[in-house]
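Engineer: For reference, the file upload-v5.txt (compact mmCIF, C-alpha atoms) is included below:
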```
# COMPACT_ATOMS: atom_id res chain seq x y z
CA MET A 1 10.81 8.40 22.52
CA ASP A 2 14.31 9.73 22.36
CA GLU A 3 17.38 8.02 20.99
CA ASN A 4 18.93 7.56 24.44
CA LEU A 5 16.11 5.28 25.60
CA LEU A 6 16.56 2.97 22.59
CA SER A 7 20.34 3.02 22.96
CA ASP A 8 19.95 2.03 26.60
CA LEU A 9 17.66 -0.83 25.58
CA ILE A 10 20.31 -2.13 23.20
CA SER A 11 23.03 -1.82 25.84
CA GLN A 12 20.94 -3.87 28.24
CA ALA A 13 20.40 -6.53 25.58
CA LEU A 14 24.14 -6.81 24.89
CA LYS A 15 24.88 -7.08 28.61
CA ALA A 16 22.23 -9.81 28.91
CA GLY A 17 23.97 -11.98 26.33
CA ALA A 18 22.86 -10.74 22.90
CA ASP A 19 25.55 -10.46 20.25
CA ALA A 20 23.63 -7.75 18.37
CA ALA A 21 20.33 -5.93 18.74
CA GLU A 22 18.06 -3.36 17.18
CA ALA A 23 15.38 -1.32 18.94
CA VAL A 24 12.45 0.54 17.39
CA SER A 25 9.92 2.93 18.84
CA ALA A 26 6.60 3.91 17.32
CA GLU A 27 4.50 6.82 18.49
CA ARG A 28 1.14 7.68 16.98
CA SER A 29 -1.64 10.16 17.58
CA ALA A 30 -4.81 10.08 15.52
CA LEU A 31 -8.30 11.53 15.42
CA SER A 32 -11.16 10.39 13.20
CA ILE A 33 -14.68 11.81 12.93
CA THR A 34 -17.56 9.99 11.19
CA VAL A 35 -20.99 11.41 10.41
CA ARG A 36 -24.02 9.71 8.91
CA LEU A 37 -27.29 11.23 7.77
CA GLY A 38 -26.28 14.57 9.17
CA GLU A 39 -25.56 13.26 12.65
CA LEU A 40 -22.28 12.72 14.43
CA GLU A 41 -21.82 8.94 14.52
CA GLU A 42 -18.32 8.19 15.78
CA VAL A 43 -15.30 9.93 17.27
CA GLU A 44 -12.09 7.93 17.60
CA ARG A 45 -8.99 9.22 19.32
CA GLU A 46 -5.77 7.20 19.45
CA GLU A 47 -2.62 7.78 21.46
CA ALA A 48 -0.06 4.99 21.27
CA ARG A 49 3.56 4.58 22.21
CA ASP A 50 5.27 1.22 21.70
CA LEU A 51 8.69 -0.41 21.76
CA GLY A 52 10.10 -3.28 19.75
CA LEU A 53 13.36 -5.16 20.33
CA ARG A 54 15.06 -7.71 18.09
CA VAL A 55 18.10 -9.53 19.47
CA PHE A 56 20.59 -11.96 17.99
CA VAL A 57 22.44 -14.69 19.82
CA GLY A 58 24.74 -16.10 17.21
CA ARG A 59 22.45 -16.88 14.28
CA ARG A 60 19.42 -17.20 16.50
CA GLN A 61 16.99 -14.30 16.77
CA ALA A 62 13.88 -13.24 18.65
CA THR A 63 11.62 -10.19 18.57
CA VAL A 64 9.44 -8.80 21.36
CA SER A 65 7.34 -5.68 21.74
CA GLY A 66 5.42 -3.81 24.39
CA SER A 67 3.67 -0.56 25.23
CA ASP A 68 5.04 -0.13 28.76
CA ILE A 69 8.28 1.87 28.54
CA SER A 70 9.07 2.01 32.24
CA ALA A 71 12.54 0.90 33.33
CA GLU A 72 11.14 -2.25 34.92
CA ALA A 73 9.16 -3.17 31.80
CA ARG A 74 12.15 -2.56 29.55
CA ALA A 75 14.29 -4.86 31.70
CA LYS A 76 11.68 -7.62 31.37
CA LEU A 77 11.49 -7.00 27.62
CA VAL A 78 15.24 -7.53 27.31
CA GLU A 79 15.22 -10.61 29.53
CA ARG A 80 12.41 -12.21 27.55
CA ALA A 81 13.95 -11.41 24.16
CA VAL A 82 17.36 -12.87 24.99
CA ALA A 83 15.83 -15.97 26.55
CA MET A 84 13.68 -16.53 23.46
CA ALA A 85 16.63 -16.06 21.11
CA LYS A 86 18.67 -18.68 22.94
CA LEU A 87 15.88 -21.20 22.37
CA ALA A 88 15.14 -20.22 18.75
CA PRO A 89 16.33 -22.36 15.82
CA GLU A 90 19.43 -21.17 14.00
CA ASP A 91 18.91 -19.08 10.90
CA PRO A 92 22.11 -18.84 8.84
CA TYR A 93 20.85 -15.65 7.17
CA ALA A 94 19.81 -13.75 10.30
CA GLY A 95 21.63 -10.61 11.37
CA LEU A 96 21.68 -6.85 11.25
CA ALA A 97 22.05 -5.06 7.94
CA ASP A 98 25.57 -4.91 6.54
CA PRO A 99 27.23 -1.72 7.89
CA GLU A 100 28.34 -0.50 4.47
CA LEU A 101 24.71 -0.40 3.29
CA LEU A 102 23.37 1.78 6.10
CA ALA A 103 22.01 5.25 5.42
CA ARG A 104 24.72 7.71 6.42
CA GLY A 105 25.02 11.47 6.55
CA PRO A 106 22.08 13.85 6.13
CA LEU A 107 18.88 11.97 5.30
CA PRO A 108 16.78 13.18 2.35
CA GLU A 109 14.22 15.86 3.21
CA LEU A 110 10.90 14.38 2.09
CA ASP A 111 8.49 16.95 3.60
CA LEU A 112 6.29 14.25 5.16
CA PHE A 113 5.24 16.06 8.33
CA ASP A 114 2.59 18.75 8.51
CA PRO A 115 2.63 20.11 12.08
CA ALA A 116 -0.96 21.37 11.89
CA GLU A 117 -3.44 19.42 14.00
CA PRO A 118 -7.05 20.06 12.99
CA SER A 119 -9.61 20.37 15.76
CA PRO A 120 -12.46 17.85 16.12
CA GLU A 121 -14.80 20.59 14.94
CA THR A 122 -12.78 21.09 11.76
CA LEU A 123 -12.78 17.38 10.96
CA GLU A 124 -16.50 17.13 11.67
CA ALA A 125 -17.16 20.04 9.33
CA ARG A 126 -15.18 18.34 6.56
CA ALA A 127 -17.07 15.09 7.04
CA ARG A 128 -20.42 16.90 7.03
CA ALA A 129 -19.51 18.82 3.89
CA ALA A 130 -18.56 15.60 2.11
CA GLU A 131 -21.75 13.81 3.13
CA ASP A 132 -23.96 16.78 2.28
CA ALA A 133 -22.47 16.91 -1.21
CA ALA A 134 -23.02 13.17 -1.67
CA ARG A 135 -26.64 13.31 -0.50
CA ALA A 136 -27.32 16.25 -2.82
CA VAL A 137 -26.66 14.12 -5.93
CA ASP A 138 -29.79 13.13 -7.86
CA LYS A 139 -31.04 9.62 -7.00
CA VAL A 140 -28.91 9.36 -3.86
CA THR A 141 -31.35 8.28 -1.16
CA ASN A 142 -29.16 7.21 1.73
CA SER A 143 -25.64 7.39 3.09
CA ASP A 144 -23.11 4.99 4.51
CA GLY A 145 -21.48 8.00 6.11
CA ALA A 146 -18.51 10.27 5.60
CA SER A 147 -15.35 10.66 7.62
CA ALA A 148 -12.37 12.94 8.05
CA SER A 149 -9.22 12.06 9.93
CA TRP A 150 -5.78 13.23 10.98
CA SER A 151 -2.76 11.32 12.23
CA SER A 152 0.80 11.98 13.32
CA SER A 153 3.42 9.25 13.65
CA GLN A 154 7.06 8.90 14.56
CA TRP A 155 9.29 5.87 13.94
CA ARG A 156 12.80 5.63 15.33
CA LEU A 157 15.33 2.84 14.72
CA VAL A 158 18.59 2.34 16.61
CA THR A 159 20.91 -0.64 16.14
CA SER A 160 24.03 -1.97 17.82
CA GLY A 161 25.62 -1.72 14.37
CA GLY A 162 25.76 2.06 14.68
CA PHE A 163 22.60 3.19 12.90
CA SER A 164 20.16 5.72 14.31
CA GLY A 165 17.37 7.23 12.27
CA LEU A 166 14.09 9.06 12.79
CA HIS A 167 11.10 9.11 10.44
CA ARG A 168 8.14 11.44 11.11
CA ALA A 169 4.97 11.66 9.05
CA SER A 170 1.47 13.08 9.17
CA GLY A 171 -1.67 11.99 7.40
CA PHE A 172 -5.00 13.59 6.49
CA SER A 173 -7.95 11.94 4.78
CA ILE A 174 -11.54 12.46 3.70
CA GLY A 175 -13.94 9.77 2.52
CA ALA A 176 -17.63 9.40 1.72
CA SER A 177 -19.97 6.57 0.77
CA ALA A 178 -23.39 7.11 -0.80
CA ILE A 179 -26.36 4.90 -1.66
CA ALA A 180 -28.51 5.56 -4.70
CA ALA A 181 -31.86 3.90 -5.42
CA ASP A 182 -34.60 3.63 -8.02
CA ASP A 183 -37.31 1.12 -8.87
CA GLY A 184 -34.65 -1.33 -10.04
CA GLY A 185 -32.75 -1.50 -6.77
CA MET A 186 -29.94 0.14 -4.80
CA GLU A 187 -26.25 0.70 -5.50
CA ASN A 188 -23.45 2.30 -3.52
CA GLY A 189 -20.49 4.40 -4.47
CA HIS A 190 -17.59 5.89 -2.58
CA ASP A 191 -14.64 8.20 -2.91
CA TRP A 192 -11.73 9.05 -0.65
CA ARG A 193 -8.43 10.87 -0.64
CA SER A 194 -5.40 10.85 1.65
CA ALA A 195 -2.41 13.19 1.81
CA ARG A 196 0.61 13.96 3.98
CA TRP A 197 -0.28 17.67 4.12
CA GLN A 198 -3.83 18.84 4.59
CA GLU A 199 -3.39 21.53 1.94
CA ASP A 200 -3.00 18.74 -0.62
CA LEU A 201 -6.47 17.33 0.07
CA PRO A 202 -9.26 18.16 -2.37
CA GLU A 203 -12.30 19.99 -1.07
CA PRO A 204 -14.63 17.64 0.85
CA GLU A 205 -17.51 18.66 -1.41
CA ARG A 206 -15.63 17.22 -4.37
CA ILE A 207 -15.14 13.90 -2.55
CA GLY A 208 -18.82 13.67 -1.61
CA ALA A 209 -20.08 14.62 -5.06
CA GLU A 210 -17.93 11.95 -6.66
CA ALA A 211 -19.18 9.31 -4.21
CA GLY A 212 -22.77 10.25 -5.05
CA ARG A 213 -22.10 10.31 -8.78
CA ARG A 214 -20.53 6.86 -8.71
CA ALA A 215 -23.50 5.44 -6.78
CA ALA A 216 -26.06 6.93 -9.16
CA MET A 217 -24.18 5.68 -12.22
CA ARG A 218 -24.39 2.11 -10.92
CA LEU A 219 -28.21 2.04 -10.93
CA GLY A 220 -29.63 -0.53 -13.31
CA ALA A 221 -26.59 -2.80 -13.07
CA ARG A 222 -27.15 -6.12 -14.80
CA LYS A 223 -25.46 -9.47 -15.19
CA ILE A 224 -23.85 -10.42 -18.47
CA ALA A 225 -23.16 -13.71 -20.19
CA SER A 226 -19.70 -15.24 -19.93
CA THR A 227 -17.40 -14.13 -22.71
CA THR A 228 -13.87 -13.14 -23.67
CA ALA A 229 -13.41 -9.44 -24.31
CA PRO A 230 -11.12 -6.45 -23.79
CA VAL A 231 -10.99 -5.28 -20.17
CA ILE A 232 -10.04 -1.83 -18.89
CA PHE A 233 -9.17 -1.41 -15.22
CA GLU A 234 -9.82 2.18 -14.17
CA ASN A 235 -6.98 4.16 -12.62
CA ARG A 236 -8.39 4.09 -9.07
CA LEU A 237 -7.79 0.34 -8.86
CA ALA A 238 -5.43 -0.51 -11.72
CA ALA A 239 -2.44 -0.65 -9.38
CA SER A 240 -4.03 -3.78 -7.88
CA LEU A 241 -2.69 -5.66 -10.89
CA LEU A 242 0.83 -4.79 -9.71
CA GLY A 243 0.33 -6.24 -6.24
CA PRO A 244 1.03 -9.82 -7.39
CA LEU A 245 4.12 -8.52 -9.24
CA ILE A 246 5.56 -7.21 -5.97
CA GLY A 247 4.91 -10.49 -4.21
CA ALA A 248 6.44 -12.42 -7.09
CA ILE A 249 9.71 -10.45 -7.11
CA SER A 250 10.15 -10.28 -3.34
CA GLY A 251 13.32 -11.92 -2.10
CA PRO A 252 11.61 -14.34 0.30
CA SER A 253 9.39 -15.68 -2.50
CA ILE A 254 12.37 -16.11 -4.81
CA ALA A 255 14.39 -17.82 -2.09
CA ARG A 256 11.54 -20.26 -1.45
CA GLY A 257 11.08 -20.85 -5.17
CA THR A 258 7.36 -20.05 -4.91
CA SER A 259 7.14 -17.27 -7.49
CA PHE A 260 5.70 -17.38 -11.01
CA LEU A 261 8.50 -14.95 -11.98
CA LYS A 262 11.38 -16.84 -10.33
CA ASP A 263 13.14 -17.44 -13.67
CA LYS A 264 12.38 -14.05 -15.24
CA LEU A 265 15.09 -11.74 -13.86
CA GLY A 266 16.63 -9.76 -16.70
CA GLN A 267 13.95 -10.92 -19.11
CA GLN A 268 11.14 -9.20 -20.97
CA VAL A 269 8.06 -9.56 -18.73
CA PHE A 270 6.05 -6.57 -19.93
CA ALA A 271 5.91 -5.11 -23.43
CA LYS A 272 8.55 -2.64 -24.49
CA GLY A 273 7.72 0.87 -23.35
CA ILE A 274 6.43 -0.26 -19.95
CA PHE A 275 8.13 1.19 -16.88
CA VAL A 276 7.35 0.44 -13.22
CA THR A 277 9.27 2.42 -10.61
CA ASP A 278 9.55 2.51 -6.84
CA ASP A 279 10.53 5.82 -5.29
CA PRO A 280 10.86 5.98 -1.48
CA HIS A 281 12.07 9.58 -1.77
CA ARG A 282 8.99 11.09 -3.40
CA VAL A 283 8.35 14.41 -1.66
CA ARG A 284 5.14 14.18 0.42
CA GLY A 285 4.63 10.61 -0.81
CA LEU A 286 2.28 8.40 1.15
CA GLY A 287 4.80 5.55 1.00
CA SER A 288 7.97 7.64 1.38
CA SER A 289 10.72 6.90 3.87
CA PRO A 290 14.31 8.19 4.20
CA PHE A 291 15.65 4.67 4.95
CA ASP A 292 14.28 1.15 5.03
CA ASP A 293 13.23 -0.63 8.21
CA GLU A 294 16.71 -2.07 8.76
CA GLY A 295 18.38 1.33 8.33
CA VAL A 296 19.60 0.53 4.82
CA ALA A 297 19.91 3.44 2.40
CA ASN A 298 17.10 3.42 -0.14
CA GLY A 299 16.37 5.35 -3.30
CA PRO A 300 14.44 5.43 -6.57
CA ARG A 301 14.64 2.22 -8.56
CA ALA A 302 13.19 0.96 -11.85
CA LEU A 303 11.65 -2.45 -11.22
CA ILE A 304 10.48 -2.82 -14.81
CA ASP A 305 12.62 -0.96 -17.33
CA ASP A 306 11.29 -0.91 -20.91
CA GLY A 307 9.43 -4.11 -20.07
CA VAL A 308 12.43 -5.91 -18.53
CA LEU A 309 12.41 -7.16 -14.94
CA THR A 310 15.54 -5.61 -13.44
CA THR A 311 15.67 -6.62 -9.77
CA TRP A 312 14.38 -8.63 -6.86
CA LEU A 313 13.15 -6.79 -3.77
CA LEU A 314 15.53 -7.69 -0.96
CA ASN A 315 15.94 -7.22 2.75
CA SER A 316 19.14 -8.34 4.47
CA SER A 317 18.02 -11.90 5.15
CA SER A 318 16.75 -12.71 1.66
CA ALA A 319 19.77 -10.97 0.11
CA ARG A 320 22.13 -13.25 2.03
CA GLN A 321 20.10 -16.29 1.09
CA LEU A 322 20.35 -15.37 -2.60
CA ASN A 323 23.99 -14.23 -2.33
CA LEU A 324 22.97 -10.72 -3.33
CA THR A 325 22.84 -7.26 -1.72
CA SER A 326 19.87 -5.70 0.06
CA THR A 327 17.93 -3.32 -2.18
CA GLY A 328 16.62 -1.27 0.76
CA HIS A 329 13.15 -2.81 0.78
CA ALA A 330 13.04 -4.17 4.33
CA SER A 331 9.70 -3.57 6.02
CA ARG A 332 8.70 -4.43 9.57
CA GLY A 333 6.40 -3.65 12.41
CA LEU A 334 7.27 -3.82 16.08
CA ALA A 335 7.00 -7.60 16.24
CA GLY A 336 8.61 -10.16 13.99
CA PRO A 337 11.62 -9.98 11.68
CA PRO A 338 11.55 -7.71 8.63
CA GLY A 339 9.69 -8.64 5.51
CA VAL A 340 9.79 -6.88 2.14
CA SER A 341 7.66 -4.12 0.64
CA VAL A 342 7.79 -1.26 -1.84
CA ASN A 343 7.29 2.44 -1.08
CA ASN A 344 5.77 4.55 -3.86
CA LEU A 345 5.04 2.18 -6.73
CA THR A 346 4.14 3.77 -10.07
CA LEU A 347 3.30 2.45 -13.52
CA LYS A 348 4.41 5.08 -16.03
CA PRO A 349 1.44 6.41 -18.04
CA GLY A 350 0.97 5.97 -21.75
CA ASP A 351 -0.46 8.48 -24.23
CA LYS A 352 -4.17 7.57 -24.41
CA ASP A 353 -6.79 8.51 -21.84
CA GLN A 354 -9.51 6.13 -20.69
CA THR A 355 -11.93 7.28 -23.38
CA GLU A 356 -9.33 6.65 -26.08
CA LEU A 357 -8.61 3.20 -24.64
CA MET A 358 -12.32 2.35 -24.90
CA ARG A 359 -12.40 3.57 -28.49
CA GLU A 360 -9.35 1.45 -29.28
CA ALA A 361 -10.92 -1.61 -27.67
CA GLY A 362 -14.35 -1.08 -29.29
CA SER A 363 -16.47 -3.16 -26.92
CA GLY A 364 -15.62 -4.67 -23.57
CA LEU A 365 -15.63 -4.23 -19.82
CA LEU A 366 -14.57 -1.23 -17.73
CA VAL A 367 -13.81 -2.44 -14.20
CA THR A 368 -14.53 0.09 -11.45
CA SER A 369 -14.67 -2.21 -8.42
CA MET A 370 -12.69 -5.33 -7.50
CA PHE A 371 -13.01 -7.78 -4.60
CA GLY A 372 -11.93 -11.26 -3.56
CA PRO A 373 -8.82 -11.72 -5.74
CA SER A 374 -7.39 -15.23 -6.07
CA LEU A 375 -3.80 -15.98 -7.11
CA ASN A 376 -1.75 -19.11 -7.65
CA GLY A 377 1.67 -17.75 -6.72
CA ASN A 378 3.50 -20.56 -8.49
CA THR A 379 1.76 -20.25 -11.87
CA GLY A 380 0.42 -16.69 -11.96
CA ASP A 381 -3.17 -17.81 -12.58
CA TRP A 382 -5.32 -14.95 -11.30
CA SER A 383 -9.00 -14.12 -10.94
CA VAL A 384 -10.99 -11.38 -9.25
CA GLY A 385 -14.63 -10.54 -8.64
CA CYS A 386 -15.61 -7.19 -10.07
CA SER A 387 -18.27 -4.82 -11.26
CA GLY A 388 -18.21 -1.89 -13.63
CA PHE A 389 -19.61 -0.94 -17.02
CA TRP A 390 -19.99 -2.61 -20.37
CA PHE A 391 -18.94 -0.34 -23.21
CA GLU A 392 -19.80 -0.58 -26.91
CA ASN A 393 -18.42 1.35 -29.86
CA GLY A 394 -16.02 3.05 -27.44
CA GLU A 395 -18.77 4.46 -25.17
CA LEU A 396 -20.29 3.35 -21.87
CA ALA A 397 -23.46 1.32 -22.45
CA TYR A 398 -24.71 0.07 -19.06
CA PRO A 399 -23.46 -0.93 -15.60
CA VAL A 400 -22.71 -4.61 -14.91
CA THR A 401 -22.31 -6.61 -11.73
CA GLU A 402 -21.54 -10.08 -10.33
CA ILE A 403 -18.78 -10.95 -12.77
CA THR A 404 -15.32 -12.48 -12.52
CA VAL A 405 -12.31 -11.65 -14.64
CA ALA A 406 -9.52 -14.22 -14.97
CA GLY A 407 -6.24 -14.81 -16.74
CA ASN A 408 -2.58 -15.62 -16.27
CA LEU A 409 -0.54 -12.67 -15.04
CA ILE A 410 2.50 -13.45 -17.17
CA ASP A 411 0.21 -13.21 -20.20
CA ILE A 412 -1.57 -10.13 -18.81
CA TYR A 413 1.66 -8.30 -18.02
CA GLY A 414 2.98 -9.02 -21.50
CA ARG A 415 -0.07 -7.44 -23.16
CA LEU A 416 -1.29 -4.63 -20.92
CA ILE A 417 -1.45 -1.09 -22.26
CA PRO A 418 -1.30 1.81 -19.78
CA GLY A 419 -3.47 4.87 -20.29
CA SER A 420 -2.48 8.48 -19.73
CA ASP A 421 -4.71 9.21 -16.71
CA LEU A 422 -2.22 8.56 -13.92
CA GLU A 423 -3.41 10.13 -10.66
CA ILE A 424 -1.34 9.93 -7.47
CA ARG A 425 -3.85 8.80 -4.86
CA GLY A 426 -1.83 6.50 -2.59
CA ALA A 427 1.41 4.59 -2.26
CA SER A 428 0.69 2.45 -5.35
CA ASN A 429 -0.53 4.23 -8.47
CA ALA A 430 -1.26 3.40 -12.08
CA PRO A 431 -3.22 4.88 -14.96
CA SER A 432 -6.13 2.99 -16.45
CA ILE A 433 -4.93 -0.29 -17.95
CA LEU A 434 -6.25 -2.04 -21.06
CA VAL A 435 -5.83 -5.77 -21.58
CA ASP A 436 -7.03 -6.71 -25.04
CA ALA A 437 -8.72 -10.01 -24.11
CA LEU A 438 -9.59 -11.61 -20.78
CA ALA A 439 -12.00 -14.33 -19.74
CA ILE A 440 -15.14 -12.84 -18.17
CA ALA A 441 -17.40 -15.14 -16.18
CA GLY A 442 -20.96 -13.91 -15.84
CA ARG A 443 -24.33 -15.60 -15.56
```
Can the structure in the file be given as structure tokens, please?

Structural biologist:
Amino acid sequence: MDENLLSDLISQALKAGADAAEAVSAERSALSITVRLGELEEVEREEARDLGLRVFVGRRQATVSGSDISAEARAKLVERAVAMAKLAPEDPYAGLADPELLARGPLPELDLFDPAEPSPETLEARARAAEDAARAVDKVTNSDGASASWSSSQWRLVTSGGFSGLHRASGFSIGASAIAADDGGMENGHDWRSARWQEDLPEPERIGAEAGRRAAMRLGARKIASTTAPVIFENRLAASLLGPLIGAISGPSIARGTSFLKDKLGQQVFAKGIFVTDDPHRVRGLGSSPFDDEGVANGPRALIDDGVLTTWLLNSSSARQLNLTSTGHASRGLAGPPGVSVNNLTLKPGDKDQTELMREAGSGLLVTSMFGPSLNGNTGDWSVGCSGFWFENGELAYPVTEITVAGNLIDIYGRLIPGSDLEIRGASNAPSILVDALAIAGR
């Protein structure tokens, strides 16, 4: 949708009684192909075009969205939004982003859009290649399927405060899931990869082979007795430990006083030498954006600098509530007011690879799968179900399953040691992480 349509929507809202307004449009095309056991299983095609409108009447606000962009539908959208805003409770912190914070001038070139659109036949061939490679691995007896996909999206934001910005991005992915079996039972394994440009994807055969390898390695998994031991979280999932950090330093959580880090700003939270950054301007980054979802200028920022917590993550509303300035972390969909999120989160790697971390720890648990995390946001008490491998004398001994790892995140953050095996796989990335002692609940 072009800028003129959104500008017209805002003009209508102001004429209808709104004091300020912002309009967003989202357009998306996507194609996904799934195969299983050598047969085409699913073809999904998506074409979507939607509008969102947020209006302010004084300090009251309302948000509406719709997929019908006809003139009649837009008029009803405006009428409904303004009527809702007039009935909404007052929010003293509601309003558009402060004009001086808006992204101005040429936006950064982030190279997020690959114009190539692969054919269904190309995607099917990639999925077949991935599954064939997975099924070729010794002891793999079945498949949960493989898929390949492509997407193209466009997000435009226009506000009555004078901001207009366009964000285009493409996405390509390959994934495979394999099942291995022997006399002792069955185990599954998977691998996937996503990229903004299809040339940055690994070969599908590599994805499939890794899925098969991971399934076969899990055969013979056993339960272990409850204990306290060193735990290593492998790099594919280690960034999950940073998820609670982001929630704990988000402006809304701080404003509500519901964060286990609410008193830690400017203090040592991690050990010295630990750095966590957020970079919305990473070229071809899966979380990259040239501005935040309120039009505020964004940029690279150290969230943890040499172990010290340096900032809260703020949108306009939470910044006003805390008497601070937006950090450019507003995030929103078409409906509802903006929340807060990061873009490309990265834990800086250390100098020891996963093998060296195991040697340093001696014996313990290598976590390769996590599910069902539980967090007390006020205290930082955290637990997660997981499976992986027990290691002894620095070497893998046997696979383990049906275990829970637990601890307090303030304690975990203060003691974690990052490995050197950082691999950029998504919007949140970390190397393998060693924590020298965690409670492990087993049989």

Engineer: Excluding Leu112 of chain A and any residue of its chain fewer than 5 positions from it, enumerate the residues within 7 Å of it, using only C-alpha atoms, and give them as an mmCIF file with C-alpha atoms, in the frame of the given file.

Structural biologist:
```cif
data_model
loop_
_atom_site.group_PDB
_atom_site.id
_atom_site.type_symbol
_atom_site.label_atom_id
_atom_site.label_comp_id
_atom_site.auth_asym_id
_atom_site.auth_seq_id
_atom_site.Cartn_x
_atom_site.Cartn_y
_atom_site.Cartn_z
ATOM 1 C CA ARG A 168 8.140 11.440 11.110
ATOM 2 C CA ALA A 169 4.970 11.660 9.050
ATOM 3 C CA SER A 170 1.470 13.080 9.170
ATOM 4 C CA ARG A 196 0.610 13.960 3.980
ATOM 5 C CA ARG A 284 5.140 14.180 0.420
#
```

Engineer: One decimal, Å: what's the distance from atom CA of Ala62 of chain A over to atom CA of Ala18 of chain A, could you say?

Structural biologist: 10.2 Å

Engineer: Would you tabulate, counting all atoms listed in the file, all residues of segment 89-173 of chain A that have an atom at most 6 Å from an atom of segment 314-336 of chain A, showing the closest pair of atoms and their distance in Å to one decimal, sorted by chain then ascending number, as a tab-separated table?

Structural biologist:
```
residue	atom	partner	partner_atom	distance
A:Tyr93	CA	A:Ser317	CA	5.1
A:Ala94	CA	A:Ser317	CA	5.8
A:Ala97	CA	A:Ser316	CA	5.6
```

Engineer: Separation of atom CA of Gly372 of chain A and atom CA of Thr141 of chain A, in Å?

Structural biologist: 27.7 Å

Engineer: What lies within 8 Å of segment 424-437 of chain A using all atoms listed in the file, ignoring chain neighbours under 5 positions off, as a VMD selection string?

Structural biologist: chain A and resid 193 to 194 228 to 239 285 to 287 343 to 349 353 to 354 357 361 412 415 to 419

Engineer: What does the distance from atom CA of Gly266 of chain A to atom CA of Asn298 of chain A come to in Å, to one decimal?

Structural biologist: 21.2 Å

Engineer: Taking only C-alpha atoms into account, which of A:Leu37, A:Glu423, A:Ser11, A:Asp98 comes nearest Arg74 of chain A?

Structural biologist: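 That would be A:Ser11, the residue with the smallest distance to Arg74 of chain A.
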
Engineer: Which one is closest to Pro244 of chain A: A:Ser177, A:Ser143, A:Ser369, A:Asn378? Count only C-alpha atoms.

Structural biologist: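 When distances to Pro244 of chain A are compared using only C-alpha atoms, the smallest one comes from A:Asn378.
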
Engineer: Show me, as an MDAnalysis selection string, the residues that have an atom within 8 Å of Gly161 of chain A when counting all atoms listed in the file, minus same-chain residues fewer than 3 positions from it.

Structural biologist: chainID A and resid 20 96 99

Engineer: Once you count only C-alpha atoms, what closest atom pair and distance in Å to one decimal does each residue of segment 179-250 of chain A within 10 Å of segment 122-137 of chain A have, with rows by chain and rising residue number, as JSON lines?

Structural biologist:
```
{"residue": "A:Ile179", "atom": "CA", "partner": "A:Arg135", "partner_atom": "CA", "distance": 8.5}
{"residue": "A:Ala180", "atom": "CA", "partner": "A:Val137", "partner_atom": "CA", "distance": 8.8}
{"residue": "A:Gly189", "atom": "CA", "partner": "A:Ala134", "partner_atom": "CA", "distance": 9.5}
{"residue": "A:His190", "atom": "CA", "partner": "A:Ala134", "partner_atom": "CA", "distance": 9.1}
{"residue": "A:Asp191", "atom": "CA", "partner": "A:Ala130", "partner_atom": "CA", "distance": 9.8}
{"residue": "A:Trp192", "atom": "CA", "partner": "A:Ala130", "partner_atom": "CA", "distance": 9.9}
{"residue": "A:Glu203", "atom": "CA", "partner": "A:Ala130", "partner_atom": "CA", "distance": 8.3}
{"residue": "A:Pro204", "atom": "CA", "partner": "A:Ala130", "partner_atom": "CA", "distance": 4.6}
{"residue": "A:Glu205", "atom": "CA", "partner": "A:Ala130", "partner_atom": "CA", "distance": 4.8}
{"residue": "A:Arg206", "atom": "CA", "partner": "A:Ala130", "partner_atom": "CA", "distance": 7.3}
{"residue": "A:Ile207", "atom": "CA", "partner": "A:Ala130", "partner_atom": "CA", "distance": 6.0}
{"residue": "A:Gly208", "atom": "CA", "partner": "A:Ala130", "partner_atom": "CA", "distance": 4.2}
{"residue": "A:Ala209", "atom": "CA", "partner": "A:Ala134", "partner_atom": "CA", "distance": 4.7}
{"residue": "A:Glu210", "atom": "CA", "partner": "A:Ala134", "partner_atom": "CA", "distance": 7.2}
{"residue": "A:Ala211", "atom": "CA", "partner": "A:Ala134", "partner_atom": "CA", "distance": 6.0}
{"residue": "A:Gly212", "atom": "CA", "partner": "A:Ala134", "partner_atom": "CA", "distance": 4.5}
{"residue": "A:Arg213", "atom": "CA", "partner": "A:Val137", "partner_atom": "CA", "distance": 6.6}
{"residue": "A:Arg214", "atom": "CA", "partner": "A:Ala134", "partner_atom": "CA", "distance": 9.8}
{"residue": "A:Ala215", "atom": "CA", "partner": "A:Val137", "partner_atom": "CA", "distance": 9.3}
{"residue": "A:Ala216", "atom": "CA", "partner": "A:Val137", "partner_atom": "CA", "distance": 7.9}
```

Engineer: Please complete segment 149-153 of chain A so it has N, CA and C atoms, and hand it over as a tab-separated table (two decimals), in the coordinates of the input.

Structural biologist:
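Contents of the output file selection13.tsv:
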```tsv
chain	number	residue	atom	x	y	z
A	149	SER	N	-10.16	12.50	8.90
A	149	SER	CA	-9.22	12.06	9.93
A	149	SER	C	-7.88	12.78	9.81
A	150	TRP	N	-7.14	12.69	10.89
A	150	TRP	CA	-5.78	13.23	10.98
A	150	TRP	C	-4.93	12.26	11.78
A	151	SER	N	-3.66	12.15	11.44
A	151	SER	CA	-2.76	11.32	12.23
A	151	SER	C	-1.35	11.90	12.20
A	152	SER	N	-0.60	11.59	13.23
A	152	SER	CA	0.80	11.98	13.32
A	152	SER	C	1.58	10.79	13.87
A	153	SER	N	2.67	10.42	13.22
A	153	SER	CA	3.42	9.25	13.65
A	153	SER	C	4.91	9.53	13.64
```
